[in-house]
>>> print(open('input-v4.csv').read())   # CSV, C-alpha atoms and all ligand atoms
chain,number,residue,atom,x,y,z
A,1,MET,CA,106.8,83.8,78.8
A,2,ASP,CA,105.7,82.5,82.2
A,3,TYR,CA,109.0,82.4,84.0
A,4,HIS,CA,109.6,82.7,87.8
A,5,LEU,CA,110.3,86.1,89.3
A,6,GLN,CA,114.0,85.3,89.7
A,7,THR,CA,114.3,84.4,86.0
A,8,GLN,CA,112.4,87.5,84.9
A,9,ALA,CA,114.7,89.6,87.1
A,10,VAL,CA,117.7,88.4,85.1
A,11,HIS,CA,116.2,88.3,81.6
A,12,ALA,CA,113.3,90.8,81.3
A,13,GLY,CA,113.7,93.9,79.2
A,14,ARG,CA,116.7,92.3,77.4
A,15,ASP,CA,114.7,90.6,74.5
A,16,ASP,CA,116.3,92.6,71.8
A,17,LEU,CA,120.0,92.3,72.9
A,18,ARG,CA,120.8,89.0,71.1
A,19,ASP,CA,119.7,90.5,67.8
A,20,LEU,CA,121.7,93.6,68.5
A,21,GLY,CA,124.7,91.3,69.1
A,22,VAL,CA,125.4,92.6,72.6
A,23,HIS,CA,125.2,91.2,76.1
A,24,ALA,CA,124.7,94.4,78.2
A,25,PRO,CA,121.9,96.8,77.3
A,26,PRO,CA,123.2,99.7,75.1
A,27,LEU,CA,123.2,103.0,76.8
A,28,ASP,CA,121.5,105.6,74.6
A,29,PHE,CA,122.4,109.2,75.6
A,30,SER,CA,120.9,110.9,72.5
A,31,THR,CA,118.6,113.7,73.3
A,32,THR,CA,117.4,113.9,69.7
A,33,HIS,CA,116.9,111.2,67.1
A,34,PRO,CA,116.8,111.2,63.3
A,35,VAL,CA,113.5,110.6,61.4
A,36,ARG,CA,113.4,108.2,58.5
A,37,SER,CA,110.9,110.3,56.5
A,38,LEU,CA,108.7,113.2,57.2
A,39,ALA,CA,105.6,110.9,57.3
A,40,SER,CA,107.3,108.6,59.8
A,41,GLY,CA,108.4,111.5,62.0
A,42,ARG,CA,104.9,113.0,62.0
A,43,ASP,CA,103.3,109.7,62.9
A,44,SER,CA,105.9,109.0,65.6
A,45,ILE,CA,105.2,112.3,67.3
A,46,ASP,CA,101.4,111.7,67.1
A,47,GLN,CA,101.8,108.2,68.6
A,48,LEU,CA,104.1,109.3,71.4
A,49,ALA,CA,102.1,112.4,72.2
A,50,GLU,CA,99.1,110.1,72.7
A,51,GLY,CA,101.0,108.0,75.2
A,52,ALA,CA,102.4,105.1,73.0
A,53,ALA,CA,105.3,103.3,74.7
A,54,SER,CA,107.4,103.5,71.5
A,55,ALA,CA,107.3,104.6,67.8
A,56,ASP,CA,109.3,104.4,64.6
A,57,SER,CA,111.4,107.3,65.6
A,58,ALA,CA,112.1,108.2,69.3
A,59,ILE,CA,112.1,111.9,68.1
A,60,TYR,CA,113.3,113.5,71.3
A,61,SER,CA,114.4,111.8,74.6
A,62,ARG,CA,111.6,113.4,76.7
A,63,LEU,CA,109.2,111.5,74.4
A,64,HIS,CA,111.1,108.1,74.3
A,65,ASN,CA,114.4,106.6,75.3
A,66,GLN,CA,115.2,103.0,74.5
A,67,THR,CA,117.5,102.4,77.5
A,68,VAL,CA,114.8,103.7,79.8
A,69,HIS,CA,112.1,101.7,78.0
A,70,ARG,CA,114.0,98.4,78.3
A,71,TYR,CA,113.9,98.9,82.1
A,72,GLU,CA,110.3,99.9,82.0
A,73,VAL,CA,109.5,96.6,80.2
A,74,ALA,CA,111.5,94.6,82.8
A,75,PHE,CA,109.9,96.4,85.7
A,76,ALA,CA,106.4,95.8,84.3
A,77,ARG,CA,107.1,92.1,84.0
A,78,MET,CA,108.2,92.0,87.6
A,79,GLU,CA,105.0,93.6,88.8
A,80,GLY,CA,102.8,91.5,86.5
A,81,ALA,CA,101.7,94.7,84.8
A,82,ASP,CA,100.8,95.5,81.2
A,83,ASP,CA,103.1,98.5,81.3
A,84,GLY,CA,105.6,100.5,83.4
A,85,ILE,CA,106.6,104.1,83.3
A,86,ALA,CA,109.8,105.4,84.8
A,87,PHE,CA,110.4,108.8,86.4
A,88,ALA,CA,113.3,110.9,87.8
A,89,SER,CA,112.1,110.2,91.4
A,90,GLY,CA,109.5,108.4,93.4
A,91,MET,CA,107.7,111.7,94.0
A,92,ALA,CA,107.7,112.5,90.3
A,93,ALA,CA,106.0,109.0,89.7
A,94,ILE,CA,103.4,109.6,92.4
A,95,THR,CA,102.7,113.1,91.2
A,96,ALA,CA,102.2,111.8,87.6
A,97,VAL,CA,99.5,109.4,88.9
A,98,PHE,CA,97.7,112.3,90.5
A,99,GLN,CA,98.0,114.4,87.3
A,100,ALA,CA,96.9,111.4,85.1
A,101,LEU,CA,93.6,111.6,87.0
A,102,ARG,CA,93.2,115.1,85.4
A,103,VAL,CA,93.9,113.6,81.9
A,104,ARG,CA,91.1,111.2,82.5
A,105,GLU,CA,88.8,114.0,83.7
A,106,MET,CA,89.5,115.9,80.4
A,107,GLU,CA,88.9,112.8,78.3
A,108,GLU,CA,85.6,112.1,80.1
A,109,GLY,CA,84.5,115.7,80.7
A,110,VAL,CA,83.8,114.7,84.3
A,111,HIS,CA,85.3,116.7,87.2
A,112,ARG,CA,86.4,114.6,90.1
A,113,ASN,CA,88.3,116.4,92.8
A,114,HIS,CA,88.4,114.1,95.8
A,115,ILE,CA,91.1,111.7,97.0
A,116,VAL,CA,90.8,109.2,99.9
A,117,ALA,CA,94.0,108.3,101.6
A,118,VAL,CA,95.2,106.2,104.6
A,119,ARG,CA,97.9,107.3,107.1
A,120,PRO,CA,100.7,106.7,107.8
A,121,ILE,CA,102.3,107.1,104.4
A,122,TYR,CA,105.6,108.4,103.0
A,123,GLY,CA,106.2,111.9,104.4
A,124,CYS,CA,106.3,113.7,101.1
A,125,THR,CA,103.3,111.9,99.7
A,126,ASP,CA,101.4,113.0,102.9
A,127,HIS,CA,102.6,116.6,102.4
A,128,LEU,CA,101.9,116.6,98.6
A,129,LEU,CA,98.3,115.5,99.3
A,130,SER,CA,97.8,117.8,102.3
A,131,CYS,CA,99.4,121.0,101.2
A,132,GLY,CA,96.9,121.8,98.5
A,133,LEU,CA,99.5,122.1,95.7
A,134,LEU,CA,97.5,119.7,93.4
A,135,GLY,CA,94.1,121.2,94.3
A,136,TYR,CA,92.5,117.9,95.4
A,137,ASP,CA,90.3,117.6,98.5
A,138,VAL,CA,91.8,114.8,100.5
A,139,ASP,CA,90.1,112.8,103.3
A,140,TRP,CA,92.5,110.9,105.6
A,141,VAL,CA,90.7,107.8,106.9
A,142,GLU,CA,91.3,104.4,108.6
A,143,PRO,CA,91.3,101.6,106.1
A,144,ASP,CA,87.8,100.3,107.2
A,145,GLN,CA,86.3,103.8,106.5
A,146,ILE,CA,87.2,103.9,102.8
A,147,ALA,CA,83.8,102.7,101.4
A,148,ALA,CA,81.9,105.2,103.6
A,149,THR,CA,84.2,108.1,102.5
A,150,ILE,CA,83.9,107.6,98.8
A,151,THR,CA,81.7,110.1,96.9
A,152,GLU,CA,80.8,110.7,93.2
A,153,GLN,CA,83.8,113.2,93.3
A,154,THR,CA,86.3,110.5,94.3
A,155,ALA,CA,89.1,110.1,91.7
A,156,LEU,CA,91.5,107.8,93.7
A,157,VAL,CA,92.2,105.8,96.8
A,158,VAL,CA,95.8,106.0,98.1
A,159,ILE,CA,97.4,103.5,100.4
A,160,GLU,CA,100.9,102.4,101.3
A,161,THR,CA,101.7,98.9,102.7
A,162,PRO,CA,103.9,98.2,104.6
A,163,ALA,CA,103.6,101.9,105.5
A,164,ASN,CA,106.4,104.2,106.1
A,165,PRO,CA,107.6,104.4,108.9
A,166,THR,CA,105.6,102.2,111.3
A,167,LEU,CA,105.3,99.2,108.9
A,168,HIS,CA,101.5,99.4,109.4
A,169,LEU,CA,99.8,96.9,107.0
A,170,VAL,CA,96.8,97.5,104.9
A,171,ASP,CA,94.7,94.7,103.2
A,172,ILE,CA,94.9,95.6,99.5
A,173,ALA,CA,92.1,93.3,98.3
A,174,ASP,CA,89.8,94.7,101.0
A,175,VAL,CA,90.6,98.3,99.9
A,176,VAL,CA,90.0,97.4,96.3
A,177,ARG,CA,86.6,95.8,97.2
A,178,GLN,CA,85.6,99.0,99.1
A,179,ALA,CA,86.8,101.2,96.3
A,180,GLY,CA,84.5,99.5,93.7
A,181,ASN,CA,85.3,101.1,90.4
A,182,ILE,CA,87.5,103.9,91.8
A,183,PRO,CA,91.2,103.2,91.0
A,184,VAL,CA,93.5,102.3,93.9
A,185,MET,CA,97.1,103.4,94.1
A,186,VAL,CA,99.4,101.2,96.3
A,187,ASP,CA,102.9,102.5,97.2
A,188,ASN,CA,104.8,99.2,96.9
A,189,THR,CA,108.2,100.6,97.7
A,190,PHE,CA,108.7,98.7,101.0
A,191,ALA,CA,107.6,95.3,99.7
A,192,THR,CA,109.0,95.3,96.2
A,193,PRO,CA,107.5,92.9,93.6
A,194,VAL,CA,109.6,90.2,95.2
A,195,LEU,CA,107.2,90.2,98.2
A,196,GLN,CA,104.0,91.7,97.0
A,197,LEU,CA,102.1,92.2,93.7
A,198,PRO,CA,99.3,94.9,94.2
A,199,LEU,CA,98.0,94.7,90.6
A,200,ALA,CA,97.2,90.9,91.1
A,201,LEU,CA,95.0,92.0,94.0
A,202,GLY,CA,93.1,94.5,91.9
A,203,ALA,CA,95.0,97.7,92.5
A,204,THR,CA,95.2,100.0,89.4
A,205,PHE,CA,98.6,101.5,90.2
A,206,SER,CA,101.6,100.1,91.9
A,207,VAL,CA,104.1,102.9,92.5
A,208,HIS,CA,107.7,102.8,93.7
A,209,SER,CA,110.5,104.9,94.8
A,210,GLY,CA,113.1,103.1,92.6
A,211,THR,CA,115.6,104.9,94.8
A,212,LYS,CA,115.2,102.2,97.4
A,213,TYR,CA,115.3,98.5,96.8
A,214,LEU,CA,115.0,98.6,93.0
A,215,GLY,CA,118.1,100.7,92.7
A,216,GLY,CA,119.5,98.9,95.8
A,217,HIS,CA,122.8,100.6,96.1
A,218,GLY,CA,121.9,104.1,97.2
A,219,ASP,CA,123.1,105.8,94.0
A,220,VAL,CA,120.1,106.2,91.7
A,221,LEU,CA,117.1,108.5,92.4
A,222,SER,CA,114.1,107.1,90.4
A,223,GLY,CA,110.4,106.3,90.4
A,224,LEU,CA,108.2,103.8,88.7
A,225,VAL,CA,104.5,103.2,88.0
A,226,ALA,CA,103.1,99.8,87.0
A,227,THR,CA,99.6,99.9,85.6
A,228,ASP,CA,97.3,98.9,82.7
A,229,LYS,CA,97.6,100.1,79.0
A,230,THR,CA,95.0,102.8,79.3
A,231,TRP,CA,96.4,104.5,82.4
A,232,ALA,CA,100.0,104.0,81.1
A,233,ALA,CA,99.1,106.1,78.0
A,234,ARG,CA,97.7,108.9,80.3
A,235,ILE,CA,100.8,108.8,82.5
A,236,ARG,CA,103.1,109.0,79.5
A,237,GLN,CA,101.2,112.0,78.3
A,238,VAL,CA,101.9,113.6,81.7
A,239,ARG,CA,105.5,112.7,81.5
A,240,ILE,CA,106.0,114.2,78.1
A,241,LEU,CA,104.4,117.5,79.2
A,242,THR,CA,106.0,117.8,82.6
A,243,GLY,CA,109.4,116.3,81.8
A,244,ALA,CA,110.2,114.4,85.0
A,245,ASN,CA,112.0,111.7,82.9
A,246,LEU,CA,114.4,109.2,84.2
A,247,HIS,CA,117.9,109.7,82.9
A,248,PRO,CA,119.2,106.8,80.7
A,249,MET,CA,122.2,106.3,83.0
A,250,ALA,CA,119.9,105.9,85.9
A,251,ALA,CA,117.8,103.4,83.9
A,252,TYR,CA,120.9,101.5,83.0
A,253,LEU,CA,121.9,101.3,86.7
A,254,LEU,CA,118.4,100.2,87.7
A,255,HIS,CA,118.4,97.5,85.0
A,256,ARG,CA,121.8,96.4,86.2
A,257,SER,CA,120.5,96.0,89.8
A,258,LEU,CA,117.4,94.0,88.8
A,259,PRO,CA,119.0,90.5,88.5
A,260,THR,CA,120.0,90.7,92.2
A,261,LEU,CA,116.8,92.3,93.5
A,262,PRO,CA,115.3,88.9,94.7
A,263,LEU,CA,118.7,87.9,96.3
A,264,ARG,CA,119.1,91.3,98.1
A,265,VAL,CA,115.5,91.5,99.3
A,266,LEU,CA,115.4,88.0,100.6
A,267,LYS,CA,118.8,88.2,102.3
A,268,ALA,CA,118.0,91.5,104.0
A,269,GLN,CA,114.7,90.1,105.1
A,270,GLU,CA,116.4,87.0,106.6
A,271,ASN,CA,118.7,89.4,108.6
A,272,ALA,CA,115.7,91.6,109.6
A,273,VAL,CA,113.7,88.6,111.0
A,274,ILE,CA,116.7,87.7,113.3
A,275,LEU,CA,117.3,91.4,114.3
A,276,ALA,CA,113.6,92.1,115.1
A,277,GLY,CA,113.6,89.3,117.7
A,278,LYS,CA,116.8,90.6,119.3
A,279,ILE,CA,115.7,94.2,119.3
A,280,ALA,CA,112.4,93.3,121.0
A,281,ALA,CA,114.3,91.5,123.8
A,282,HIS,CA,116.6,94.5,124.5
A,283,PRO,CA,115.7,96.5,127.7
A,284,ALA,CA,115.9,99.9,126.0
A,285,VAL,CA,113.0,99.0,123.7
A,286,SER,CA,109.3,99.1,124.5
A,287,ALA,CA,107.8,98.0,121.2
A,288,VAL,CA,108.8,96.6,117.8
A,289,TYR,CA,106.8,97.1,114.6
A,290,PHE,CA,107.7,94.6,112.0
A,291,PRO,CA,105.2,92.8,109.6
A,292,GLY,CA,104.2,89.5,111.1
A,293,PHE,CA,105.9,90.2,114.4
A,294,GLY,CA,104.0,90.2,117.7
A,295,ASP,CA,100.7,91.9,117.2
A,296,SER,CA,101.9,93.9,114.1
A,297,ASP,CA,99.8,91.8,111.7
A,298,PRO,CA,96.3,91.1,113.2
A,299,THR,CA,94.8,90.0,109.9
A,300,ASP,CA,97.6,87.7,108.7
A,301,ILE,CA,98.7,89.8,105.8
A,302,VAL,CA,102.2,88.2,105.8
A,303,GLY,CA,101.8,84.9,104.1
A,304,ARG,CA,98.6,86.0,102.4
A,305,GLN,CA,99.2,89.3,100.7
A,306,MET,CA,103.0,89.6,101.3
A,307,LYS,CA,105.4,86.7,100.8
A,308,GLY,CA,107.5,87.9,103.8
A,309,PRO,CA,107.9,90.8,106.2
A,310,GLY,CA,110.6,92.7,104.3
A,311,SER,CA,113.6,94.3,106.0
A,312,VAL,CA,112.5,97.6,107.6
A,313,ILE,CA,112.0,97.5,111.3
A,314,ALA,CA,110.6,100.3,113.5
A,315,PHE,CA,110.9,100.3,117.3
A,316,GLU,CA,110.0,102.5,120.2
A,317,MET,CA,112.7,103.5,122.6
A,318,LYS,CA,111.6,103.6,126.3
A,319,GLY,CA,113.6,106.8,126.9
A,320,GLY,CA,111.9,108.7,124.1
A,321,PHE,CA,113.7,111.3,122.0
A,322,ASP,CA,117.0,111.5,124.0
A,323,SER,CA,117.7,107.8,123.9
A,324,ALA,CA,116.5,107.4,120.3
A,325,GLY,CA,119.0,110.2,119.3
A,326,ARG,CA,121.8,108.6,121.3
A,327,THR,CA,121.2,105.2,119.7
A,328,MET,CA,121.0,106.5,116.2
A,329,LEU,CA,124.4,108.1,116.5
A,330,ALA,CA,126.2,105.3,118.4
A,331,THR,CA,126.3,102.8,115.5
A,332,GLU,CA,129.3,102.0,113.4
A,333,LEU,CA,127.8,99.9,110.6
A,334,PHE,CA,124.2,101.3,110.5
A,335,LEU,CA,124.5,104.7,108.8
A,336,PRO,CA,122.5,107.5,110.5
A,337,ALA,CA,120.7,108.4,107.3
A,338,VAL,CA,117.2,108.5,105.7
A,339,SER,CA,116.2,106.2,102.8
A,340,LEU,CA,116.2,102.3,102.8
A,341,GLY,CA,116.7,99.4,100.5
A,342,THR,CA,120.4,99.8,100.1
A,343,THR,CA,122.9,96.9,100.5
A,344,ASP,CA,124.2,98.5,103.7
A,345,SER,CA,122.1,99.1,106.8
A,346,LEU,CA,120.6,102.5,107.8
A,347,ILE,CA,119.1,103.9,110.9
A,348,GLU,CA,116.9,107.0,111.2
A,349,HIS,CA,114.5,109.0,113.4
A,350,PRO,CA,111.2,109.4,111.5
A,351,ALA,CA,109.7,112.3,113.6
A,352,GLY,CA,112.9,114.3,113.3
A,353,LEU,CA,113.9,113.4,109.7
A,354,THR,CA,111.7,111.6,107.1
A,355,HIS,CA,108.4,112.6,108.6
A,356,ARG,CA,109.3,116.1,109.8
A,357,ILE,CA,107.4,117.6,106.9
A,358,VAL,CA,104.2,115.8,108.1
A,359,SER,CA,101.8,117.9,110.3
A,360,GLU,CA,101.8,117.2,114.1
A,361,GLU,CA,98.3,115.8,113.7
A,362,GLY,CA,99.4,113.6,110.9
A,363,ARG,CA,102.4,112.3,112.9
A,364,ASP,CA,100.2,111.6,115.9
A,365,SER,CA,97.5,109.7,114.0
A,366,GLY,CA,100.3,107.8,112.2
A,367,GLY,CA,102.0,106.7,115.4
A,368,ILE,CA,105.2,108.6,114.6
A,369,THR,CA,106.4,109.4,118.1
A,370,GLU,CA,109.6,111.1,119.4
A,371,GLY,CA,111.0,107.8,120.6
A,372,LEU,CA,110.5,105.9,117.3
A,373,LEU,CA,113.6,104.7,115.4
A,374,ARG,CA,113.5,103.0,112.0
A,375,VAL,CA,116.2,100.6,110.7
A,376,ALA,CA,116.5,99.5,107.1
A,377,VAL,CA,118.5,96.3,107.3
A,378,GLY,CA,121.1,95.5,104.7
A,379,ILE,CA,122.8,92.3,103.5
A,380,GLU,CA,125.8,92.4,105.8
A,381,HIS,CA,126.5,89.4,108.2
A,382,VAL,CA,123.7,89.5,110.8
A,383,ASP,CA,126.1,88.8,113.7
A,384,ASP,CA,128.0,92.0,112.9
A,385,LEU,CA,124.8,93.9,112.5
A,386,TRP,CA,123.5,92.8,115.9
A,387,LYS,CA,126.8,93.5,117.7
A,388,ASP,CA,126.6,97.1,116.3
A,389,LEU,CA,122.9,97.6,117.1
A,390,GLU,CA,123.2,96.1,120.6
A,391,HIS,CA,126.0,98.4,121.5
A,392,ALA,CA,124.0,101.4,120.2
A,393,LEU,CA,120.9,100.3,122.1
A,394,ASP,CA,123.0,100.0,125.3
A,395,GLN,CA,124.0,103.6,124.8
A,396,GLY,CA,120.3,104.5,124.4
A,397,LEU,CA,119.6,102.7,127.6
A,398,ALA,CA,122.3,104.7,129.3
A,399,ALA,CA,120.7,107.9,128.1
A,400,ASN,CA,117.4,106.6,129.4
A,401,ALA,CA,118.9,106.1,132.9
A,402,LEU,CA,120.4,109.6,132.9
A,403,PHE,CA,117.0,110.9,131.8
A,404,ARG,CA,115.2,109.4,134.7
A,405,LEU,CA,117.6,110.7,137.4
B,501,LIG,C1,111.4,107.3,99.3
B,501,LIG,C2,110.0,107.0,99.1
B,501,LIG,C3,109.2,107.8,98.3
B,501,LIG,C4,109.7,108.9,97.4
B,501,LIG,O1,110.6,108.5,96.5
B,501,LIG,P1,111.8,109.5,96.0
B,501,LIG,O2,112.6,108.6,95.1
B,501,LIG,O3,112.6,109.8,97.2
B,501,LIG,O4,111.2,110.6,95.3
B,501,LIG,C5,107.9,107.4,98.1
B,501,LIG,N1,107.3,106.4,98.8
B,501,LIG,C6,108.1,105.7,99.7
B,501,LIG,C7,107.4,104.6,100.5
B,501,LIG,C8,109.4,106.0,99.9
B,501,LIG,O5,110.1,105.2,100.8
>>> encode(input="input-v4.csv", output="C-alpha cells")
Amino acid sequence: MDYHLQTQAVHAGRDDLRDLGVHAPPLDFSTTHPVRSLASGRDSIDQLAEGAASADSAIYSRLHNQTVHRYEVAFARMEGADDGIAFASGMAAITAVFQALRVREMEEGVHRNHIVAVRPIYGCTDHLLSCGLLGYDVDWVEPDQIAATITEQTALVVIETPANPTLHLVDIADVVRQAGNIPVMVDNTFATPVLQLPLALGATFSVHSGTKYLGGHGDVLSGLVATDKTWAARIRQVRILTGANLHPMAAYLLHRSLPTLPLRVLKAQENAVILAGKIAAHPAVSAVYFPGFGDSDPTDIVGRQMKGPGSVIAFEMKGGFDSAGRTMLATELFLPAVSLGTTDSLIEHPAGLTHRIVSEEGRDSGGITEGLLRVAVGIEHVDDLWKDLEHALDQGLAANALFRL
C-alpha cells in the first residue's frame, strides 16, 4: 500500500476492522489472555519473549495488547518504518532505546559504553544522559564534531531536530554520514512524521513523545520508537522486562487522534508562520528562533529535510527574566504551561521550567537564557492568538521599562 500520508493517517492500523465487523478499533482491556493449547501457549511466550510483535496468544498484556499493536502498526506506517513500539511516555521510549543497546551488547558479546549527543535536547533526555543513571559515558558535541568524537566504544549518536527549546536544526543525513555504522537516534517529536521522516535519511531510531502532537489534545502521556525489525525485537524485549507499556486506553486515544494529525500540524504551522513575523517585529523582543526564519536555518534544512517549520517558536525578551515572566502570565488564550502539540496554544519559560533540570553549563551551551520564552502554537484563529500575544508582549515591554529605571 503506497498511500499518501493523509490517507495512511486515516486508515493505517485498521486493516482487520472490516473482518471484525466493526468501524472503530476494539478496546481490549484484558490483562491476561486464554491459550488455545499448551503447545500454542508455550510457543507464543517464546516468540513474544524474543521480541515478536504478535503471537497466537497474547498471553499477558505486558507481552502484547492488540489495541496498542494496532496503533504501533499505524505509527510505523506514518514514519515509513518496519515497526513501531509504544511506551507509557516519551522518556520510557527513549530509555528503552538506550537499554536496547545493552541487549545488542549481550547478543554480540561486545561492550560499548559511549554515547555521542548534541545539545540542546529535551531537558529530561539531557539529564538522563548526564546524570549517570544508565552508566554510559556521554560526550556532548557540536554536530560537526560527531565523526571526530566516535570511538570503538560508541554505541549511539543522539540528536533532536528541531531541538527543544531553541528550535536549533541538525542535518540528519550529515549526522548519519558521520556516524558510519553507529546507529543514530533522532527525537522527531517537534517535527512529527508529517514534516520529517528521519528513517528515510538513514537514522536507525525515530523517537517521539506521543504526549505532544501525536496525542494532540493534552490528555495522553505516551512514547513511540520507529525502527527496523532487528532493533524492534530488542526494544520489545526491553519493554517486556521493564514494563513501561502504553495503556490500551491511551493507545485508543492516540489512534483516534491520528486521522487529524496532518490537519492539526499544518494548521498550527500556518498560524506559527504568521505569529513568528509579528513577534519579531514587536519592540519587546530581541530575537526569534523559528526554523527557516531569519538566520535560524543557515543550511536550508526547511524544504530539504523538513517539509515546513512546525509550530513551536522561541524568542528572546529584551528585558530578560522579569519581562519574560510578565509576558508569560499576561496571556488569556496561551496557557502558561509546559508541553506542546496540543490543539490550544501554550507559553512557557524554558530556563525556569522545562530545562530547569539541565545543568547551568548545559543551559548556557544550548542557548537557554533567562529571557527566552517558548510558545507552542495551536489551531485557534490566528487573529485571536496575535491579539492575545501582542497584549502580553506589551506587558513584557512595560516590565522592561520599569527594569531600566
Ligand atoms: C516531552 C518530550 C519528551 C518526553 O516525553 P514524555 O512523554 O513527557 O515522557 C522527549 N522529547 C521531546 C522533544 C519532548 O518534547
>>> atom_distance(input="input-v4.csv", atom1="CA of Ala58 in chain A", atom2="CA of His33 in chain A")
6.1 Å
>>> atom_distance(input="input-v4.csv", atom1="CA of Glu152 in chain A", atom2="CA of Glu108 in chain A")
14.0 Å
>>> atom_distance(input="input-v4.csv", atom1="CA of His282 in chain A", atom2="CA of Glu348 in chain A")
18.3 Å
>>> closest_residue(input="input-v4.csv", among="A:Gly341, A:Gly135, A:Pro26, A:Gly243", to="ligand LIG 501 (chain B)", atoms="all atoms listed in the file")
A:Gly341
>>> residues_around(input="input-v4.csv", residues="Ala287 in chain A", least_positions_apart="4", cutoff="8 Å", atoms="all atoms listed in the file", output="list of chain:residue names")
A:Ala280, A:Phe315, A:Glu316, A:Met317
>>> closest_atom_pairs(input="input-v4.csv", of="chain A", to="ligand LIG 501 (chain B)", cutoff="9 Å", atoms="all atoms listed in the file", output="tab-separated table")
residue	atom	partner	partner_atom	distance
A:Phe87	CA	B:LIG501	O2	9.0
A:Ala88	CA	B:LIG501	O2	7.7
A:Ser89	CA	B:LIG501	O4	4.0
A:Gly90	CA	B:LIG501	O1	3.3
A:Met91	CA	B:LIG501	O4	3.9
A:Ala92	CA	B:LIG501	O4	6.4
A:Ala93	CA	B:LIG501	O4	7.8
A:Ile94	CA	B:LIG501	C5	7.6
A:Ile121	CA	B:LIG501	C7	6.9
A:Tyr122	CA	B:LIG501	C7	4.9
A:Gly123	CA	B:LIG501	N1	7.9
A:Cys124	CA	B:LIG501	C4	6.9
A:Thr125	CA	B:LIG501	C5	6.6
A:Glu160	CA	B:LIG501	C7	6.9
A:Thr161	CA	B:LIG501	C7	8.4
A:Pro162	CA	B:LIG501	C7	8.4
A:Ala163	CA	B:LIG501	C7	6.8
A:Asn164	CA	B:LIG501	C7	5.7
A:Pro165	CA	B:LIG501	C7	8.4
A:Asp187	CA	B:LIG501	C7	6.0
A:Asn188	CA	B:LIG501	C7	7.0
A:Thr189	CA	B:LIG501	C7	4.9
A:Phe190	CA	B:LIG501	C7	6.1
A:Val207	CA	B:LIG501	N1	7.9
A:His208	CA	B:LIG501	N1	6.3
A:Ser209	CA	B:LIG501	O1	4.0
A:Gly210	CA	B:LIG501	O2	6.1
A:Thr211	CA	B:LIG501	O2	4.8
A:Lys212	CA	B:LIG501	C1	6.6
A:Val220	CA	B:LIG501	O2	8.6
A:Leu221	CA	B:LIG501	O2	5.2
A:Ser222	CA	B:LIG501	O2	5.2
A:Gly223	CA	B:LIG501	O2	5.7
A:Val338	CA	B:LIG501	C1	8.7
A:Ser339	CA	B:LIG501	C1	6.0
A:Leu340	CA	B:LIG501	O5	7.0
A:Gly341	CA	B:LIG501	O5	8.8
A:Thr354	CA	B:LIG501	C1	8.9
>>> residues_around(input="input-v4.csv", residues="range 246-259 of chain A", least_positions_apart="3", cutoff="7 Å", atoms="all atoms listed in the file", output="list in words")
Ala9, Val10, Leu27, Asp28, Phe29, Thr67, Val68, Tyr71, Ala86, Phe87, Ala88, Leu214, Gly215, Gly216, Val220 and Ser222 of chain A
>>> residues_around(input="input-v4.csv", residues="Asp137 in chain A", least_positions_apart="2", cutoff="8 Å", atoms="all atoms listed in the file", output="JSON, numbers by chain")
{"A": [113, 114, 115, 132, 135, 139]}
>>> residues_near_point(input="input-v4.csv", point="(95.0, 116.3, 95.6)", cutoff="12 Å", atoms="only C-alpha atoms", output="ChimeraX atom specification")
/A:94-102,112-117,125-140,153-158
>>> residues_near_point(input="input-v4.csv", point="(98.5, 112.4, 76.2)", cutoff="10 Å", atoms="only C-alpha atoms", output="list in words")
Asp46, Gln47, Leu48, Ala49, Glu50, Gly51, Ala52, Ala100, Val103, Arg104, Glu107, Ala232, Ala233, Arg234, Ile235, Arg236, Gln237, Val238, Arg239, Ile240 and Leu241 of chain A
>>> closest_residue(input="input-v4.csv", among="A:Arg77, A:Ser61, A:Phe293, A:Arg119", to="Ser359 in chain A", atoms="all atoms listed in the file")
A:Arg119
>>> residues_around(input="input-v4.csv", residues="range 37-40 of chain A", least_positions_apart="4", cutoff="8 Å", atoms="only C-alpha atoms", output="number ranges by chain")
A: 44, 56-57
>>> closest_residue(input="input-v4.csv", among="A:Thr192, A:Thr299, A:Thr342, A:Thr204", to="Ile159 in chain A", atoms="all atoms listed in the file")
A:Thr204
>>> closest_residue(input="input-v4.csv", among="A:Val377, A:Ala226, A:Leu5, A:Ala272", to="Asp82 in chain A", atoms="all atoms listed in the file")
A:Ala226
>>> residues_around(input="input-v4.csv", residues="range 301-306 of chain A", least_positions_apart="2", cutoff="6 Å", atoms="all atoms listed in the file", output="list in words")
Leu195, Gln196, Gly292, Thr299 and Gly308 of chain A
